[in-house]
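**Student:** Quick one: this structure, given as structure tokens, is what I'll be asking you about.
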There are 2 protein chains.
Amino acid sequence: MRLLVLGGDAAGMTAASLVLRRAPDTEIVVVERGSHTSYSMCGIPYYVGGEIETSEDLVVRTPEEFQQQGMTVHMGTEAIAIDPQARTVTVRVLATGEEREERYDELLYALGAHPSVPDLPGLAEHGYVVHTLDEGERLRTALDRRDDVKSVVVVGAGYIGMELAEALVERGLRTTLVDMAEQVMGTLDPDMAAHVQGALEDFGVRLGLGERLERIDADDAGCRSVQTDRDCYEADLVVLAMGAKPNVELAAAAGCRVGETGALAVDRGLRTNVEHVWAAGDCVESTHLVSGQQVNVQLGTHANKQAKIAAINLTGGDTVFPGVVGTAVTKVCQWEIARTGLSEREAEAAGLDGVTASFTGTASAGYMPDPGTVHVKMMAERGTGRVLGAQLVGTGNVGKRIDTAATWCQLGVRVADAQLFDLSYAPPFGGVWDLLAVAARKLVSALDLEPRL
Amino acid sequence: MRLLVLGGDAAGMTAASLVLRRAPDTEIVVVERGSHTSYSMCGIPYYVGGEIETSEDLVVRTPEEFQQQGMTVHMGTEAIAIDPQARTVTVRVLATGEEREERYDELLYALGAHPSVPDLPGLAEHGYVVHTLDEGERLRTALDRRDDVKSVVVVGAGYIGMELAEALVERGLRTTLVDMAEQVMGTLDPDMAAHVQGALEDFGVRLGLGERLERIDADDAGCRSVQTDRDCYEADLVVLAMGAKPNVELAAAAGCRVGETGALAVDRGLRTNVEHVWAAGDCVESTHLVSGQQVNVQLGTHANKQAKIAAINLTGGDTVFPGVVGTAVTKVCQWEIARTGLSEREAEAAGLDGVTASFTGTASAGYMPDPGTVHVKMMAERGTGRVLGAQLVGTGNVGKRIDTAATWCQLGVRVADAQLFDLSYAPPFGGVWDLLAVAARKLVSALDLEPRL
């Protein structure tokens, strides 16, 4: 069997590796546009900030290592057309422009997503994007070399934008974070995002929320300022972290169905509707297990899992990727921010009747020195009491705590049961009632369920 | 209704408060031997160490506050006999020796546990126990006042013993921790306990494991040394943290059934077999939801929950305490130690065929500066792949992470499913595959289940 893999990052290389393990006779050919394989995209902000020394630190395995394992890896090469009848892909070597056909028995489409750069004056020329490690290297090099950079505007206040803004402040730069939305991190409810905004401002990040980007102004010396519909921000450098769109064009042109999310529609076995064409990673839709709807969540965790499921199935196995529950975590300015399940907005869009409970607790027992702060919010479904989502913003013991709520969302746990789960307790980690159990208790009460503890 | 509560700590006062909320007309009378109500027993080591300033900091609510709510609280008063036919309890005022009868319609027995002090020379006279806040105060006062105390021996290397040993080293004392077992923390597997032992030794705690206590030697000036079957340890002060036995004698004498664990046998509604007598807290058995066996786990979390279930049922409700899964967490010398479910020994004793997977990972992504260390061990049942237990010992992101595995134990989750759960990922919190998911994957492989990712 000849497996052709388009895209050499998390999804593509994970699948290729597992296929090789399961079916060592497979001829595996990988085509990758960039110059790195299999790296941690999530590490880029830490590399840009300088906390991580070199870009190699983020690379899990190099093209050479994959070659040594017996794969053929074509770097600097992009796919430009798929012919599903002939089972060939036309590829182009970027350096030379040379084009050729690559034949496949099975094709894994893992082209990820490409950063959103609106068609506004100055953006394409002057905005740094940081979606790939190559792009991260360009930004880091600019920051390291250019003494004239004193102020930076980051456009887009999602995880990456916030992490970058923090990293830039730590580099001593005047940093402004601009977003069209009235809040940071659109996957949080506004009241929870407000805590994060406070932390960013306290840390020295200037916020320009609810502002629509209009243009980047530049002169001969380069970028000068960022103009929004409400303000103008001095900017020696502009970073665009405005999210990314699933990279589906090539697959769509070959007849692969694109879902409402804009990502490729695949079955739970990661098959597209076109025979012998599989897809995994940031370019595909998954089922959200709480809402039942299709979603496109671009995270390495999903890419890795989907890739393995695809690898198993395209080597004769039969297994499924169950779906996602929207779990995400980040750390910004010493605050750990975590969420899972649905936000209020998402629940409403899914037609679910969610009731929320919010409160503020401590990260360790209240009587411990410096017990910290944790803002907690949980949502459950009226009637059933099923956990629909949870959000945590706190100074400690928050990040990995969300996985408990994620499991509750994954399994459709009811708050009436969850409040009585045997969760851990010791003074350094919180009070005798775990914060998630307290949230569950409050929801039992709000939803008029039993037992009301 | 007249509710008589024996024991004014977590279980007793939590139940009393909820009864008052649900049935405000109830006449509630509480009898407590000591001088504090409703305090955090788990905070005592931190108070002894000085990290927590005063013992009042550990008190959630004082007797006066309960009185103001409308309860009658008799402090310094102990119950000495229950007459279930007459529905009376004979109580004695400790200060005066005065005895009287207290009548009840319903009786909540919440007398907790009393510290185990073996009948060996010198122990009763010279050993400090720290099971109650009164006892904690005595130890703290001794440490604060006695300049001559340079070396301390702590007997018993469970949570409390380890936490105390750490606190004593931090007070600048030469500290030895002695236990009959060959390991600290008997609820951990020995290989996991070894990591904790290394940390204690690195911190400066001398360990005397696998040593049977023989006597405390003293002279006129007081305690001098602790003699075990293998060694003799200099000791100006000795702390006994040898666990505690459920305080069941009074209930047993009144006809309440005592289970094999030595704790009171109650139904899931917290009823003893004697009519109108309820029990909750450290003195009762619970069902271990993984083994199905009865266990006595002395933790404030269970006491609180059981108390609330009892309160609901004795005011006309009908609900159950589902049981426990053996979740526990502590922090010793910067290491977070957490466990849930069954240990290997416990699984064997329960007749379960458990297979384990162990490995060492990092507390944040491997490429982050100072990524830390987390030792991970998980056990699943051969055949079903059901998660039987998990243990974590690590430098960060460990404590509250155990709650995820606890939920898996609670719900009988299979490792094949767990490995695909949507758990959180960001570089400050670990790698792209969560450590618990990695453990689940390894177990899928070890148990020859599918899918093998």
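Chain lettering (A, B, ...) mirrors the order of the structure tokens, residue numbering begins at 1 for each chain separately, and ligand numbering begins at 1 in order of display.
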Using DSSP assignments from the backbone, pull out every residue in stretch 140-226 of chain A that falls under strand (DSSP E) and give it to me as a list in words.
**Tutor:** Ser151, Val152, Val153, Val154, Val155, Arg174, Thr175, Thr176, Leu177, Val178, Asp179, Val205, Arg206, Leu207, Gly208, Leu209, Leu213, Glu214, Arg215, Ile216, Asp217, Ala218, Asp219, Gly222, Cys223, Arg224, Ser225 and Val226 of chain A
**Student:** Restrict the calculation to only C-alpha atoms, then for each residue of chain A with any atom at most 6 Å from an atom of chain B give the closest atom pair and their distance in Å to one decimal, rows by chain and rising residue number, as a tab-separated table.
**Tutor:**
residue	atom	partner	partner_atom	distance
A:Asp57	CA	B:Tyr367	CA	5.8
A:Thr301	CA	B:Val432	CA	5.4
A:Lys308	CA	B:Leu453	CA	5.7
A:Val324	CA	B:Asp422	CA	5.6
A:Thr327	CA	B:Ser424	CA	5.5
A:Ala328	CA	B:Ser424	CA	5.2
A:Val329	CA	B:Ser424	CA	5.8
A:Thr330	CA	B:Ala426	CA	5.7
A:Tyr367	CA	B:Asp57	CA	5.8
A:Lys400	CA	B:Arg401	CA	5.4
A:Arg401	CA	B:Lys400	CA	5.4
A:Asp403	CA	B:Leu423	CA	5.3
A:Thr404	CA	B:Thr404	CA	4.3
A:Asp422	CA	B:Val324	CA	5.6
A:Leu423	CA	B:Asp403	CA	5.3
A:Ser424	CA	B:Ala328	CA	5.2
A:Ala426	CA	B:Thr330	CA	5.7
A:Val432	CA	B:Thr301	CA	5.5
A:Leu453	CA	B:Lys308	CA	5.7
**Student:** Give me, as an MDAnalysis selection string, all polymer residues having an atom no more than 10 Å from stretch 374-379 of chain B, counting only C-alpha atoms and skipping those fewer than 4 positions away in the same chain.
**Tutor:** chainID B and resid 189 191:192 195 335:344 347 353:364 385:398 405 415 430 435:436 438:440 442:443
**Student:** Just how far from atom CA of A:Pro115 is atom CA of A:Ala280, in Å to one decimal?
**Tutor:**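 Taking atom CA of A:Ala280 and atom CA of A:Pro115, their separation equals 17.8 Å.
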**Student:** Using only C-alpha atoms, which of B:Asn247, B:Thr261, B:Thr132, B:Thr228 sits nearest B:Gln293?
**Tutor:**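 Among the listed residues, the smallest separation from B:Gln293 belongs to B:Thr261.
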**Student:** Skip A:Met1 itself and residues of its chain fewer than 3 positions away, then list as JSON, numbers by chain all residues within 7 Å of it, counting only C-alpha atoms.
**Tutor:** {"A": [26, 27, 105]}
**Student:** Which distance in Å separates atom CA of B:Ala279 and atom CA of B:Ala254, to one decimal?
**Tutor:**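 Going from atom CA of B:Ala279 over to atom CA of B:Ala254, I get 12.9 Å.
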**Student:** Extract, using only C-alpha atoms, all DNA, RNA and protein residues at most 12 Å from B:Leu213, discarding same-chain residues fewer than 4 positions from it, and format them as a ChimeraX atom specification.
**Tutor:** /B:117-123,153-156,177-181,208-209,217,225-233,238,240,242
**Student:** Kindly export the residues of the current selection with N, CA and C atoms, as a short mmCIF file (atom, residue, chain, number, x, y, z; two decimals), in the first residue's frame.
**Tutor:**
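And here is the file that came out, again_24.cif:
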data_model
loop_
_atom_site.label_atom_id
_atom_site.label_comp_id
_atom_site.auth_asym_id
_atom_site.auth_seq_id
_atom_site.Cartn_x
_atom_site.Cartn_y
_atom_site.Cartn_z
N VAL B 117 -2.84 4.54 70.18
CA VAL B 117 -1.62 4.64 70.99
C VAL B 117 -1.34 3.26 71.59
N PRO B 118 -0.41 2.51 71.02
CA PRO B 118 -0.16 1.16 71.51
C PRO B 118 0.27 1.18 72.97
N ASP B 119 -0.02 0.10 73.62
CA ASP B 119 0.28 -0.02 75.05
C ASP B 119 1.76 -0.40 75.22
N LEU B 120 2.64 0.57 75.02
CA LEU B 120 4.09 0.35 75.12
C LEU B 120 4.65 1.35 76.12
N PRO B 121 5.79 1.03 76.73
CA PRO B 121 6.32 1.90 77.79
C PRO B 121 6.56 3.33 77.30
N GLY B 122 6.03 4.27 78.05
CA GLY B 122 6.32 5.68 77.80
C GLY B 122 5.41 6.37 76.82
N LEU B 123 4.64 5.61 76.04
CA LEU B 123 3.86 6.23 74.97
C LEU B 123 2.76 7.14 75.51
N VAL B 153 10.93 12.84 67.17
CA VAL B 153 10.59 11.62 66.43
C VAL B 153 9.09 11.61 66.20
N VAL B 154 8.72 11.41 64.94
CA VAL B 154 7.30 11.24 64.60
C VAL B 154 7.10 9.76 64.31
N VAL B 155 6.18 9.16 65.01
CA VAL B 155 5.89 7.74 64.78
C VAL B 155 4.62 7.63 63.94
N GLY B 156 4.76 7.00 62.78
CA GLY B 156 3.61 6.89 61.88
C GLY B 156 3.80 7.73 60.65
N LEU B 177 11.27 10.14 61.13
CA LEU B 177 9.93 9.59 60.89
C LEU B 177 10.05 8.07 60.91
N VAL B 178 9.35 7.47 61.84
CA VAL B 178 9.47 6.03 62.05
C VAL B 178 8.14 5.36 61.71
N ASP B 179 8.21 4.24 61.03
CA ASP B 179 6.98 3.47 60.79
C ASP B 179 7.31 1.99 60.75
N MET B 180 6.39 1.20 61.22
CA MET B 180 6.50 -0.24 61.20
C MET B 180 6.56 -0.76 59.76
N ALA B 181 5.81 -0.11 58.87
CA ALA B 181 5.79 -0.54 57.47
C ALA B 181 7.10 -0.19 56.80
N GLY B 208 13.01 6.00 59.44
CA GLY B 208 13.22 4.70 60.07
C GLY B 208 12.04 3.81 59.72
N LEU B 209 12.09 3.25 58.51
CA LEU B 209 10.96 2.45 58.04
C LEU B 209 11.20 0.97 58.34
N ASP B 217 11.91 6.27 75.93
CA ASP B 217 12.71 6.40 77.15
C ASP B 217 12.69 7.84 77.61
N SER B 225 14.55 9.51 74.23
CA SER B 225 14.79 8.79 72.98
C SER B 225 13.65 7.83 72.68
N VAL B 226 13.63 7.40 71.43
CA VAL B 226 12.65 6.41 70.98
C VAL B 226 13.42 5.15 70.59
N GLN B 227 12.99 4.05 71.17
CA GLN B 227 13.66 2.78 70.90
C GLN B 227 12.77 1.96 69.97
N THR B 228 13.33 1.52 68.85
CA THR B 228 12.60 0.59 67.98
C THR B 228 13.33 -0.75 68.03
N ASP B 229 12.82 -1.72 67.29
CA ASP B 229 13.49 -3.03 67.28
C ASP B 229 14.80 -3.00 66.53
N ARG B 230 15.10 -1.87 65.88
CA ARG B 230 16.31 -1.83 65.09
C ARG B 230 17.24 -0.68 65.45
N ASP B 231 16.72 0.34 66.11
CA ASP B 231 17.55 1.53 66.30
C ASP B 231 17.05 2.31 67.51
N CYS B 232 17.84 3.29 67.91
CA CYS B 232 17.44 4.19 68.99
C CYS B 232 17.60 5.62 68.50
N TYR B 233 16.54 6.42 68.58
CA TYR B 233 16.56 7.78 68.05
C TYR B 233 16.44 8.79 69.18
N VAL B 238 8.18 13.48 71.22
CA VAL B 238 7.71 12.41 70.35
C VAL B 238 6.26 12.68 69.96
N LEU B 240 2.98 11.00 68.09
CA LEU B 240 2.40 9.74 67.66
C LEU B 240 1.31 10.01 66.63
N MET B 242 -0.15 7.54 64.56
CA MET B 242 -0.26 6.13 64.20
C MET B 242 -1.66 5.74 63.77
#
**Student:** What's the 12 Å shell around B:Thr272, counting only C-alpha atoms, without same-chain residues fewer than 5 positions away, as an MDAnalysis selection string?
**Tutor:** chainID B and resid 84 106:110 248 251:252 254:259 263:267 277:280 283:285 310
**Student:** Need the shell around stretch 65-72 of chain A: protein/DNA/RNA residues with any atom at most 9 Å away, counting only C-alpha atoms. Skip same-chain ones fewer than 6 positions apart. Format as a ChimeraX atom specification?
**Tutor:** /A:13,16-17,20,24,27-31,37
**Student:** Using only C-alpha atoms, which of the listed residues (A:Leu250, A:Val444, A:Val184, A:Leu270) sits closest to A:Glu163?
**Tutor:**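 Of A:Leu250, A:Val444, A:Val184, A:Leu270, the one nearest A:Glu163, counting only C-alpha atoms, is A:Val184.
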